[in-house]
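Shown below: structure_30.pdb, with PDB, C-alpha atoms.
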ATOM      1  CA  CYS K   1     113.834 127.956  91.044  1.00  0.00           C
ATOM      2  CA  ILE K   2     117.485 127.797  90.088  1.00  0.00           C
ATOM      3  CA  GLU K   3     116.615 126.213  86.766  1.00  0.00           C
ATOM      4  CA  ILE K   4     114.101 128.981  86.009  1.00  0.00           C
ATOM      5  CA  GLY K   5     116.657 131.645  86.932  1.00  0.00           C
ATOM      6  CA  LEU K   6     119.294 130.076  84.714  1.00  0.00           C
ATOM      7  CA  GLY K   7     116.784 129.741  81.882  1.00  0.00           C
ATOM      8  CA  LEU K   8     115.869 133.413  82.160  1.00  0.00           C
ATOM      9  CA  TYR K   9     119.542 134.398  82.227  1.00  0.00           C
ATOM     10  CA  VAL K  10     120.520 132.257  79.229  1.00  0.00           C
ATOM     11  CA  GLU K  11     117.482 132.670  76.990  1.00  0.00           C
ATOM     12  CA  ARG K  12     116.440 136.179  78.033  1.00  0.00           C
ATOM     13  CA  VAL K  13     113.407 137.274  75.966  1.00  0.00           C
ATOM     14  CA  SER K  14     113.108 133.987  74.065  1.00  0.00           C
ATOM     15  CA  PHE K  15     112.372 132.289  77.407  1.00  0.00           C
ATOM     16  CA  PHE K  16     108.894 133.804  77.336  1.00  0.00           C
ATOM     17  CA  GLN K  17     108.242 132.525  73.801  1.00  0.00           C
ATOM     18  CA  ASP K  18     108.638 128.844  74.722  1.00  0.00           C
ATOM     19  CA  TYR K  19     105.407 127.323  76.062  1.00  0.00           C
ATOM     20  CA  LEU K  20     107.227 124.660  78.074  1.00  0.00           C
ATOM     21  CA  CYS K  21     109.316 127.311  79.826  1.00  0.00           C
ATOM     22  CA  LEU K  22     106.199 129.346  80.625  1.00  0.00           C
ATOM     23  CA  PHE K  23     104.444 126.227  81.927  1.00  0.00           C
ATOM     24  CA  ASP K  24     107.419 125.413  84.129  1.00  0.00           C
ATOM     25  CA  LEU K  25     107.546 129.010  85.374  1.00  0.00           C
ATOM     26  CA  LEU K  26     103.847 128.876  86.267  1.00  0.00           C
ATOM     27  CA  VAL K  27     104.209 125.575  88.114  1.00  0.00           C
ATOM     28  CA  VAL K  28     107.308 126.690  90.031  1.00  0.00           C
ATOM     29  CA  VAL K  29     105.841 130.061  91.024  1.00  0.00           C
ATOM     30  CA  THR K  30     102.537 128.483  92.127  1.00  0.00           C
ATOM     31  CA  ASP K  31     104.324 125.714  94.018  1.00  0.00           C
ATOM     32  CA  ALA K  32     106.660 128.164  95.756  1.00  0.00           C
ATOM     33  CA  SER K  33     103.873 130.591  96.671  1.00  0.00           C
ATOM     34  CA  LEU K  34     101.681 127.812  98.099  1.00  0.00           C
ATOM     35  CA  THR K  35     104.572 126.379 100.082  1.00  0.00           C
ATOM     36  CA  ILE K  36     105.582 129.764 101.487  1.00  0.00           C
ATOM     37  CA  SER K  37     101.997 130.706 102.353  1.00  0.00           C
ATOM     38  CA  SER K  38     101.348 127.370 104.077  1.00  0.00           C
ATOM     39  CA  LEU K  39     104.538 127.748 106.124  1.00  0.00           C
ATOM     40  CA  ALA K  40     103.874 131.394 106.995  1.00  0.00           C
ATOM     41  CA  LEU K  41     100.218 130.915 107.924  1.00  0.00           C
ATOM     42  CA  ASP K  42     100.710 127.437 109.423  1.00  0.00           C
ATOM     43  CA  VAL K  43      97.688 126.094 107.542  1.00  0.00           C
ATOM     44  CA  GLU K  44      97.235 123.450 104.902  1.00  0.00           C
ATOM     45  CA  THR K  45      96.989 124.550 101.326  1.00  0.00           C
ATOM     46  CA  PRO K  46      93.657 123.943  99.591  1.00  0.00           C
ATOM     47  CA  ILE K  47      95.487 122.368  96.654  1.00  0.00           C
ATOM     48  CA  PRO K  48      98.034 119.648  97.380  1.00  0.00           C
ATOM     49  CA  VAL K  49     101.533 120.935  96.675  1.00  0.00           C
ATOM     50  CA  GLU K  50     102.542 117.457  95.508  1.00  0.00           C
ATOM     51  CA  MET K  51     100.248 117.890  92.509  1.00  0.00           C
ATOM     52  CA  PHE K  52     102.374 120.779  91.264  1.00  0.00           C
ATOM     53  CA  ARG K  53     105.506 118.759  91.750  1.00  0.00           C
ATOM     54  CA  LEU K  54     103.968 116.001  89.659  1.00  0.00           C
ATOM     55  CA  LEU K  55     103.195 118.533  86.944  1.00  0.00           C
ATOM     56  CA  ARG K  56     106.890 119.336  86.778  1.00  0.00           C
ATOM     57  CA  LEU K  57     107.433 115.761  85.658  1.00  0.00           C
ATOM     58  CA  LEU K  58     105.796 116.765  82.393  1.00  0.00           C
ATOM     59  CA  LYS K  59     109.113 118.381  81.571  1.00  0.00           C
ATOM     60  CA  ILE K  60     110.328 114.873  80.885  1.00  0.00           C
ATOM     61  CA  MET K  61     108.391 115.131  77.644  1.00  0.00           C
ATOM     62  CA  ARG K  62     111.025 117.603  76.470  1.00  0.00           C
ATOM     63  CA  ALA K  63     113.733 115.006  77.041  1.00  0.00           C
ATOM     64  CA  VAL K  64     111.686 112.354  75.240  1.00  0.00           C
ATOM     65  CA  ARG K  65     111.279 114.717  72.301  1.00  0.00           C
ATOM     66  CA  LEU K  66     115.067 115.095  72.182  1.00  0.00           C
ATOM     67  CA  MET K  67     115.498 111.327  72.307  1.00  0.00           C
ATOM     68  CA  MET K  68     113.422 110.979  69.166  1.00  0.00           C
ATOM     69  CA  LEU K  69     116.138 112.849  67.243  1.00  0.00           C
ATOM     70  CA  PHE K  70     118.557 109.939  67.665  1.00  0.00           C
ATOM     71  CA  PRO K  71     117.524 106.701  65.927  1.00  0.00           C
ATOM     72  CA  GLU K  72     119.077 104.453  68.584  1.00  0.00           C
ATOM     73  CA  LEU K  73     117.276 106.204  71.427  1.00  0.00           C
ATOM     74  CA  HIS K  74     114.054 106.214  69.422  1.00  0.00           C
ATOM     75  CA  LEU K  75     114.374 102.441  69.024  1.00  0.00           C
ATOM     76  CA  ILE K  76     114.920 102.008  72.760  1.00  0.00           C
ATOM     77  CA  ILE K  77     111.853 104.121  73.618  1.00  0.00           C
ATOM     78  CA  ARG K  78     109.695 102.251  71.099  1.00  0.00           C
ATOM     79  CA  SER K  79     110.894  98.899  72.484  1.00  0.00           C
ATOM     80  CA  LEU K  80     110.160 100.063  76.019  1.00  0.00           C
ATOM     81  CA  VAL K  81     106.590 100.985  75.041  1.00  0.00           C
ATOM     82  CA  CYS K  82     106.086  97.591  73.358  1.00  0.00           C
ATOM     83  CA  ALA K  83     107.473  95.761  76.392  1.00  0.00           C
ATOM     84  CA  THR K  84     105.195  97.754  78.688  1.00  0.00           C
ATOM     85  CA  LYS K  85     102.170  96.752  76.619  1.00  0.00           C
ATOM     86  CA  ALA K  86     103.181  93.085  76.853  1.00  0.00           C
ATOM     87  CA  ILE K  87     103.651  93.345  80.615  1.00  0.00           C
ATOM     88  CA  ILE K  88     100.226  94.954  81.054  1.00  0.00           C
ATOM     89  CA  TRP K  89      98.556  92.158  79.065  1.00  0.00           C
ATOM     90  CA  ALA K  90     100.448  89.526  81.071  1.00  0.00           C
ATOM     91  CA  VAL K  91      99.346  91.076  84.366  1.00  0.00           C
ATOM     92  CA  LEU K  92      95.753  91.203  83.126  1.00  0.00           C
ATOM     93  CA  MET K  93      95.938  87.538  82.150  1.00  0.00           C
ATOM     94  CA  LEU K  94      97.367  86.628  85.579  1.00  0.00           C
ATOM     95  CA  VAL K  95      94.555  88.488  87.340  1.00  0.00           C
ATOM     96  CA  VAL K  96      91.930  86.649  85.271  1.00  0.00           C
ATOM     97  CA  VAL K  97      93.499  83.244  85.961  1.00  0.00           C
ATOM     98  CA  LEU K  98      93.949  84.073  89.642  1.00  0.00           C
ATOM     99  CA  GLY K  99      90.310  85.212  89.785  1.00  0.00           C
ATOM    100  CA  PHE K 100      89.191  81.898  88.290  1.00  0.00           C
ATOM    101  CA  TRP K 101      91.123  79.927  90.893  1.00  0.00           C
ATOM    102  CA  ALA K 102      89.911  82.239  93.663  1.00  0.00           C
ATOM    103  CA  ILE K 103      86.277  81.518  92.733  1.00  0.00           C
ATOM    104  CA  PHE K 104      87.139  77.822  92.623  1.00  0.00           C
ATOM    105  CA  ALA K 105      88.695  78.099  96.121  1.00  0.00           C
ATOM    106  CA  VAL K 106      85.669  79.891  97.582  1.00  0.00           C
ATOM    107  CA  VAL K 107      83.340  77.190  96.298  1.00  0.00           C
ATOM    108  CA  LEU K 108      85.460  74.160  97.236  1.00  0.00           C
ATOM    109  CA  ILE K 109      87.941  75.141  99.963  1.00  0.00           C
ATOM    110  CA  HIS K 110      85.868  77.536 102.084  1.00  0.00           C
ATOM    111  CA  PRO K 111      83.398  74.862 103.327  1.00  0.00           C
ATOM    112  CA  LEU K 112      86.343  72.716 104.423  1.00  0.00           C
ATOM    113  CA  ASN K 113      87.987  75.733 106.041  1.00  0.00           C
ATOM    114  CA  VAL K 114      84.790  76.417 108.032  1.00  0.00           C
ATOM    115  CA  GLN K 115      84.888  72.866 109.408  1.00  0.00           C
ATOM    116  CA  ILE K 116      88.565  73.229 110.326  1.00  0.00           C
ATOM    117  CA  THR K 117      87.803  76.549 112.047  1.00  0.00           C
ATOM    118  CA  LYS K 118      84.967  74.988 114.068  1.00  0.00           C
ATOM    119  CA  SER K 119      87.325  72.269 115.277  1.00  0.00           C
ATOM    120  CA  GLY K 120      89.613  74.941 116.781  1.00  0.00           C
ATOM    121  CA  TYR K 121      92.620  74.014 114.706  1.00  0.00           C
ATOM    122  CA  TRP K 122      93.447  77.613 113.717  1.00  0.00           C
ATOM    123  CA  LEU K 123      93.230  78.842 117.323  1.00  0.00           C
ATOM    124  CA  ALA K 124      95.656  76.146 118.423  1.00  0.00           C
ATOM    125  CA  HIS K 125      98.098  77.200 115.709  1.00  0.00           C
ATOM    126  CA  HIS K 126      97.671  80.952 116.390  1.00  0.00           C
ATOM    127  CA  CYS K 127      96.569  81.828 112.863  1.00  0.00           C
ATOM    128  CA  GLU K 128      94.303  84.885 112.877  1.00  0.00           C
ATOM    129  CA  ARG K 129      93.771  85.106 109.124  1.00  0.00           C
ATOM    130  CA  CYS K 130      93.313  81.421 108.348  1.00  0.00           C
ATOM    131  CA  PRO K 131      89.555  81.188 109.175  1.00  0.00           C
ATOM    132  CA  ARG K 132      88.739  83.901 106.625  1.00  0.00           C
ATOM    133  CA  ALA K 133      91.404  82.940 104.052  1.00  0.00           C
ATOM    134  CA  PHE K 134      88.871  81.642 101.508  1.00  0.00           C
ATOM    135  CA  GLU K 135      85.587  83.285 102.594  1.00  0.00           C
ATOM    136  CA  SER K 136      85.415  85.657  99.598  1.00  0.00           C
ATOM    137  CA  VAL K 137      86.951  85.972  96.167  1.00  0.00           C
ATOM    138  CA  GLN K 138      89.037  88.914  97.330  1.00  0.00           C
ATOM    139  CA  GLN K 139      90.361  86.999 100.355  1.00  0.00           C
ATOM    140  CA  SER K 140      91.039  83.973  98.167  1.00  0.00           C
ATOM    141  CA  MET K 141      92.984  86.068  95.642  1.00  0.00           C
ATOM    142  CA  LEU K 142      95.023  87.521  98.478  1.00  0.00           C
ATOM    143  CA  THR K 143      95.698  84.070  99.926  1.00  0.00           C
ATOM    144  CA  LEU K 144      96.637  82.576  96.569  1.00  0.00           C
ATOM    145  CA  SER K 145      98.891  85.556  95.753  1.00  0.00           C
ATOM    146  CA  GLN K 146     100.675  85.190  99.064  1.00  0.00           C
ATOM    147  CA  GLN K 147     101.171  81.478  98.463  1.00  0.00           C
ATOM    148  CA  ILE K 148     102.549  82.052  94.988  1.00  0.00           C
ATOM    149  CA  ILE K 149     104.962  84.773  96.057  1.00  0.00           C
TER     150      ILE K 149
END
Spit out the file's structure as structure tokens when you get a sec.
Amino acid sequence: CIEIGLGLYVERVSFFQDYLCLFDLLVVVTDASLTISSLALDVETPIPVEMFRLLRLLKIMRAVRLMMLFPELHLIIRSLVCATKAIIWAVLMLVVVLGFWAIFAVVLIHPLNVQITKSGYWLAHHCERCPRAFESVQQSMLTLSQQII
């Protein structure tokens, strides 16, 4: 609210000609009115207030646009985007490899784990999760991830 007030004071009429300022004004007014009405009426708002707060993060686009004016900052942003792409591909590759080994574990380790469970070994060692550690691909991926980390 303070930012909107300062923007109105500094920019005066030109404030209403900037679409980003109008968008921010709309988000702030809607967010404030929903918050005040939910507090006054002691009911939940039909629209989550957090959504409007997330919309305010779109203002970051204005800062990114300013960063593009400086070549050094533009290079940093472009490098960050490239690094993010590489990280996403690496995570995807790890999930595929982990999925392969999880299927392998379900086929080969689960039958052995069933025999160990029947012998009562896991009860003696107080392990609640161990009998189902390799019963499905999802459980196997979880088990393998925990072992890796």
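With only C-alpha atoms taken into account, every residue lying no more than 12 Å from the file point (91.5, 74.2, 112.5) is included here: Leu112, Asn113, Val114, Gln115, Ile116, Thr117, Lys118, Ser119, Gly120, Tyr121, Trp122, Leu123, Ala124, His125, His126, Cys127, Glu128, Arg129, Cys130, Pro131 and Arg132 of chain K.
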Write the residues of the preceding selection, restricted to C-alpha atoms, as a short mmCIF file (atom, residue, chain, number, x, y, z; two decimals), in the coordinates of the input.
data_model
loop_
_atom_site.label_atom_id
_atom_site.label_comp_id
_atom_site.auth_asym_id
_atom_site.auth_seq_id
_atom_site.Cartn_x
_atom_site.Cartn_y
_atom_site.Cartn_z
CA LEU K 112 86.34 72.72 104.42
CA ASN K 113 87.99 75.73 106.04
CA VAL K 114 84.79 76.42 108.03
CA GLN K 115 84.89 72.87 109.41
CA ILE K 116 88.56 73.23 110.33
CA THR K 117 87.80 76.55 112.05
CA LYS K 118 84.97 74.99 114.07
CA SER K 119 87.32 72.27 115.28
CA GLY K 120 89.61 74.94 116.78
CA TYR K 121 92.62 74.01 114.71
CA TRP K 122 93.45 77.61 113.72
CA LEU K 123 93.23 78.84 117.32
CA ALA K 124 95.66 76.15 118.42
CA HIS K 125 98.10 77.20 115.71
CA HIS K 126 97.67 80.95 116.39
CA CYS K 127 96.57 81.83 112.86
CA GLU K 128 94.30 84.88 112.88
CA ARG K 129 93.77 85.11 109.12
CA CYS K 130 93.31 81.42 108.35
CA PRO K 131 89.56 81.19 109.18
CA ARG K 132 88.74 83.90 106.62
#
Quick one, how far is CA of Glu135 in chain K from CA of His110 in chain K?
-> 5.8 Å
A straight line from CA of Asp42 in chain K to CA of Glu3 in chain K spans 27.7 Å
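Across K:Ile103, K:Met93, K:Met68, K:Ile148, the tightest approach to Phe134 in chain K is made by K:Ile103 when counting all atoms listed in the file.
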If you measure from CA of Ser79 in chain K to CA of Leu94 in chain K, what distance in Å do you get, rounded to one decimal?
-> 22.5 Å
Using the file's own x, y and z axes, so that the box edges lie along x, y and z, what centre and edge lengths in Å (one decimal) does a box around every listed atom of range 134-143 of chain K get when 5 Å is added on each side? Give it as JSON.
{"center_x": 90.6, "center_y": 85.3, "center_z": 99.1, "size_x": 20.3, "size_y": 17.3, "size_z": 17.0}
Report as a PyMOL selection string the residues that result from applying the PyMOL selection byres ((chain K and resi 21) around 12) to the structure here.
-> chain K and resi 3-8+11-20+22-28+56+58-59+62
For the file shown, what are the residues hit by the PyMOL selection byres ((chain K and resi 136-138) around 10), laid out as a PyMOL selection string?
-> chain K and resi 98-107+110+132-135+139-144
